[in-house]
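Have a look at the structure below before the remarks.
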2 protein chains.
Amino acid sequence: MSNINLKYLAKELNMSISTVSRALRDEWDVSEETKIRVNALAKKLNYTPNPFASSLRRQSSQTIAVVVPEIANNFFTLAIDGIETVARYKNYHVLIYITHDDYEREKSIINHFQNGRIDGVIMSVSSDSKDYTHLSELHEKGVPIVFFDRVCHEIETTKISTDDFTSSFKATEHLIQNGCKQIAFLSLTQHLSIESKRKAGYLEALLKYNITPNDNWIVECTNDHAVSEAKIKTLLSSTNRPAGVFTTVEKLAIQTYKICQDLNIRIPKQLQVLSYANLITAPLLNPPLTTITQPAFDIGTTAAETLFSHLKKKQHTIPNENIVLKSTLYIRHSTVKL
Amino acid sequence: MSNINLKYLAKELNMSISTVSRALRDEWDVSEETKIRVNALAKKLNYTPNPFASSLRRQSSQTIAVVVPEIANNFFTLAIDGIETVARYKNYHVLIYITHDDYEREKSIINHFQNGRIDGVIMSVSSDSKDYTHLSELHEKGVPIVFFDRVCHEIETTKISTDDFTSSFKATEHLIQNGCKQIAFLSLTQHLSIESKRKAGYLEALLKYNITPNDNWIVECTNDHAVSEAKIKTLLSSTNRPAGVFTTVEKLAIQTYKICQDLNIRIPKQLQVLSYANLITAPLLNPPLTTITQPAFDIGTTAAETLFSHLKKKQHTIPNENIVLKSTLYIRHSTVKL
């Protein structure tokens, strides 16, 4: 049998691939008993490690990968900037991969890492991902992963996110206190934990003020610009138009502004608008956009510091914990007291 | 002698590293005579290729690298989008590297490629680069490079750029025809060929209309936000203030807008502003910004198609040519006839 590999050994032994691999490498955190069992089976089945792969895996590549859904978004460019600032100090190269929010592309990128060319991964999952097998496989192979913003709760590692529920609650409350009670909520897919938390914060604020949510005003948009545009146009052209729009990503706020320009809807008089955004031009828009701004740069540095502290002391796994940073509500002229 | 390498052989033989390497690999485009000379010396000096490196180099990694100065810039994100669209179709992975306009970082990234992990490079050089040895070394090693936008004329390969002189000339002429003759020109370093072409276009337009350039109004900014801000503030606070500002990168236009907000200078009445920009929010700014917009996505696809057509037929070098695409002047409310 020539195609005996780690996966096969792991299955036969009913162990994780990572344990088998570490046992064969005689690492400290595997018990003697396990090492004996693994090596006995490896010998019996005449298993030889792929020298090319293992040489690559042993030597540090001094390279980490950052996997993000998009870069045409100031949140991600700022987070990457934070990651690069730390990486540069640690003398690491940073490779950036874009999934375009596409599950298949994300899977292909993650599988690409299994050749051992990178020392670790910092990642924000694609909104299209419903299955995380590709991530757990990579994780089990011993490639350290840290998640940020769009985290994957299924993997036991550190996740850096922001106070999505609270910041969303406060932003909705701000609109209500402005006298704006008919608030639409525009988001991307609800598969993402951050999106469902933001929606929960919005609903909780409505509940607090005894406002019944209107299902027609909770709009799930997509990454397809035309699809989102049609949905927002329908919403804003309807006779039963909301008085405010809360968008969870900056591109939906930009689309809302453009549609208001086209439909001649005046912001904030006829429609109040606020959004999660790290948009550098937010204060320069007509009118300046109220934003919930995530500490994107700090998220990046925190993620990178977590990963590098792990890479330094190789034997420890990354702790399974959630680090939550706070966002800030910047009130600008797109939301005013009526 | 154990450290006989390709470079040493090349020097001894007075040939390029690329020729020696190709001769040893018995490639078709090297003459028999050269192959005999190279192999004779290699044998005499007991040269053995680094098997790790050469195995990596022979096998296609199905990966290309994109090297850009920054990603917090819509021009580059759109160009990357174009590159990725083609790469995806060709089943290639795209690694993105950011130089942060820093020569040392660019050099370190380029040297990182010499391990053969990538099949080709698409690149826009850093504004900080004054020496291109690192690029010519990579090129000589046979790694194909295509430049876009901020091109390097010293390397014989295909360069994709836009009509910088003409578009700059037309934009300046537009301001003059609006009655705005006192025009400041804000750029990054003049080391970049695109920046010097844009300046030449600006000066040519002034010349055509018999306007003497004012040296105080030609401001070389830097990537340091604070430095640029101070320079623009000085310019716009001076008693001899220009009537118009032409910026060559979108971030300088955004800074100009912010400073006008701070100093209470009204655009366009007190200052006309236009800029090279692919800013998605340009039509939504207060006032909407007149832009010279480069066909960024098309630049990306053209660069990628050039590289992939070369990778397909390995034996040909990439033609040494300049492909010039046209930019478009979008006139918006930041520049009006007075």
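To be explicit about the labels: the chains of the structure tokens are called A, B, and onward in the order shown, and within each one the residues are counted from 1, while ligands get numbers from 1 in the order they are shown.
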
Would you tabulate, counting only C-alpha atoms, all residues of chain A that have an atom at most 9 Å from an atom of chain B, showing the closest pair of atoms and their distance in Å to one decimal, sorted by chain then ascending number, as CSV?
```
residue,atom,partner,partner_atom,distance
A:Phe52,CA,B:Phe52,CA,8.2
A:Glu70,CA,B:Thr77,CA,9.0
A:Ile71,CA,B:Thr77,CA,6.4
A:Ala72,CA,B:Thr77,CA,5.7
A:Asn73,CA,B:Ala72,CA,8.2
A:Asn74,CA,B:Ala72,CA,6.8
A:Thr77,CA,B:Ala72,CA,5.7
A:Leu78,CA,B:Ala72,CA,7.7
A:Glu84,CA,B:Ile98,CA,8.8
A:Arg88,CA,B:Arg105,CA,8.7
A:His93,CA,B:Ile109,CA,7.4
A:Val94,CA,B:Tyr97,CA,6.8
A:Leu95,CA,B:Leu95,CA,5.7
A:Ile96,CA,B:Ile96,CA,4.8
A:Tyr97,CA,B:Leu95,CA,5.8
A:Ile98,CA,B:Val94,CA,8.3
A:Arg105,CA,B:Arg88,CA,8.7
A:Ser108,CA,B:His93,CA,8.6
A:Ile109,CA,B:His93,CA,7.4
A:His112,CA,B:His93,CA,8.4
A:Arg117,CA,B:Arg117,CA,8.6
A:Ile254,CA,B:Thr281,CA,7.1
A:Tyr257,CA,B:Leu284,CA,7.2
A:Lys258,CA,B:Leu284,CA,7.1
A:Gln261,CA,B:Leu284,CA,8.4
A:Ile280,CA,B:Ile254,CA,8.3
A:Thr281,CA,B:Ile254,CA,7.1
A:Ala282,CA,B:Leu285,CA,8.8
A:Pro283,CA,B:Lys258,CA,8.3
A:Leu284,CA,B:Leu285,CA,5.7
A:Leu285,CA,B:Leu285,CA,4.2
A:Asn286,CA,B:Asn286,CA,4.8
A:Pro287,CA,B:Asn286,CA,7.3
A:Pro288,CA,B:Asn286,CA,8.5
```

Neighbour list for range 270-277 of chain A as a ChimeraX atom specification, cut-off 8 Å, only C-alpha atoms, skip fewer than 3 positions in-chain: /A:74-75,171,175,180,242-250,253,265-267,289-294,334-336

Print the selection's residues with N, CA and C atoms to a file, as a short mmCIF file (atom, residue, chain, number, x, y, z; two decimals), in the first residue's frame.
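Now in again28.cif:
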```
data_model
loop_
_atom_site.label_atom_id
_atom_site.label_comp_id
_atom_site.auth_asym_id
_atom_site.auth_seq_id
_atom_site.Cartn_x
_atom_site.Cartn_y
_atom_site.Cartn_z
N ASN A 74 -13.18 49.43 4.10
CA ASN A 74 -12.18 50.05 4.98
C ASN A 74 -11.96 49.28 6.28
N PHE A 75 -12.96 48.55 6.73
CA PHE A 75 -12.75 47.74 7.93
C PHE A 75 -11.61 46.75 7.69
N ALA A 171 -27.15 51.93 18.65
CA ALA A 171 -27.40 52.67 17.41
C ALA A 171 -28.89 52.74 17.13
N LEU A 175 -31.52 56.14 17.07
CA LEU A 175 -32.53 56.51 16.07
C LEU A 175 -33.89 56.73 16.74
N CYS A 180 -37.22 58.63 15.47
CA CYS A 180 -37.34 57.78 14.28
C CYS A 180 -37.65 56.35 14.75
N PRO A 242 -39.86 53.24 5.42
CA PRO A 242 -39.36 53.48 6.78
C PRO A 242 -38.86 54.92 6.92
N ALA A 243 -38.67 55.36 8.16
CA ALA A 243 -38.15 56.71 8.41
C ALA A 243 -36.65 56.68 8.65
N GLY A 244 -36.14 55.45 8.85
CA GLY A 244 -34.70 55.32 9.09
C GLY A 244 -34.18 54.02 8.51
N VAL A 245 -32.90 54.00 8.16
CA VAL A 245 -32.27 52.78 7.64
C VAL A 245 -30.99 52.53 8.42
N PHE A 246 -30.85 51.33 8.92
CA PHE A 246 -29.67 50.91 9.66
C PHE A 246 -29.02 49.81 8.81
N THR A 247 -27.80 50.06 8.31
CA THR A 247 -27.14 49.04 7.48
C THR A 247 -25.94 48.46 8.23
N THR A 248 -25.70 47.17 8.04
CA THR A 248 -24.65 46.51 8.82
C THR A 248 -23.29 46.51 8.13
N VAL A 249 -23.26 46.91 6.87
CA VAL A 249 -21.96 47.03 6.18
C VAL A 249 -21.94 48.32 5.37
N GLU A 250 -20.76 48.91 5.22
CA GLU A 250 -20.67 50.23 4.62
C GLU A 250 -21.15 50.27 3.18
N ALA A 253 -24.71 51.11 3.00
CA ALA A 253 -24.98 52.53 3.28
C ALA A 253 -24.70 53.37 2.04
N ILE A 265 -34.75 61.45 -2.30
CA ILE A 265 -35.14 61.33 -0.88
C ILE A 265 -34.07 62.06 -0.08
N ARG A 266 -34.49 63.04 0.71
CA ARG A 266 -33.49 63.83 1.43
C ARG A 266 -33.12 63.19 2.78
N ILE A 267 -31.79 63.02 2.96
CA ILE A 267 -31.25 62.51 4.22
C ILE A 267 -30.82 63.73 5.03
N LEU A 289 -22.18 60.89 7.35
CA LEU A 289 -22.85 59.66 7.76
C LEU A 289 -22.56 59.28 9.21
N THR A 290 -23.62 59.03 9.97
CA THR A 290 -23.45 58.49 11.33
C THR A 290 -22.97 57.04 11.21
N THR A 291 -21.90 56.73 11.95
CA THR A 291 -21.35 55.38 11.82
C THR A 291 -21.14 54.71 13.17
N ILE A 292 -21.26 53.40 13.16
CA ILE A 292 -20.77 52.58 14.26
C ILE A 292 -19.40 52.11 13.76
N THR A 293 -18.35 52.58 14.39
CA THR A 293 -17.03 52.32 13.86
C THR A 293 -16.30 51.32 14.73
N GLN A 294 -15.91 50.22 14.11
CA GLN A 294 -15.19 49.18 14.84
C GLN A 294 -13.71 49.55 14.94
N SER A 334 -26.43 62.58 9.33
CA SER A 334 -27.42 61.72 8.67
C SER A 334 -28.48 61.21 9.64
N THR A 335 -28.26 61.47 10.95
CA THR A 335 -29.26 61.11 11.96
C THR A 335 -29.44 62.30 12.89
N VAL A 336 -30.60 62.91 12.87
CA VAL A 336 -30.83 64.10 13.71
C VAL A 336 -32.16 63.98 14.44
#
```

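The closest residue to Ile318 in chain B, picked from B:Ser237, B:Asn264, B:Thr222, B:Thr158 and counting only C-alpha atoms, is B:Thr158.
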
Residue list (alpha helix (DSSP H), DSSP) for range 72-254 of chain A, as a ChimeraX atom specification: /A:74-89,103-113,133-140,164-177,193-208,225-237,250-254

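Taking only C-alpha atoms, the non-local environment of Ser129 in chain B within 10 Å (same-chain residues fewer than 4 positions away omitted) comprises Asp101, Asp102, Tyr103, Glu104, Glu106, Lys107, Val125, Cys152, His191 and Leu192 of chain B.
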
9 Å contact set for Leu9 in chain B, only C-alpha atoms, chain neighbours under 5 positions out, as number ranges by chain: B: 4, 14-15, 17, 20, 38, 41-42, 45, 47

Okay, now the selection with C-alpha atoms, as a short mmCIF file (atom, residue, chain, number, x, y, z; two decimals), in the first residue's frame?
```
data_model
loop_
_atom_site.label_atom_id
_atom_site.label_comp_id
_atom_site.auth_asym_id
_atom_site.auth_seq_id
_atom_site.Cartn_x
_atom_site.Cartn_y
_atom_site.Cartn_z
CA ILE B 4 29.13 27.40 -6.01
CA ASN B 14 30.04 36.29 -18.21
CA MET B 15 26.43 35.27 -18.82
CA ILE B 17 21.94 33.95 -14.29
CA VAL B 20 23.03 29.65 -17.02
CA VAL B 38 27.88 25.99 -18.94
CA LEU B 41 32.16 24.60 -15.94
CA ALA B 42 29.42 23.23 -13.69
CA LEU B 45 33.44 23.13 -10.20
CA TYR B 47 28.20 22.43 -9.00
#
```

Selection: 12 Å around Lys170 in chain B, only C-alpha atoms, excl. self and same-chain fewer than 5 positions, as a PyMOL selection string: chain B and resi 163-165+175-177+198+200-206+208+246+274+291-292+327-331
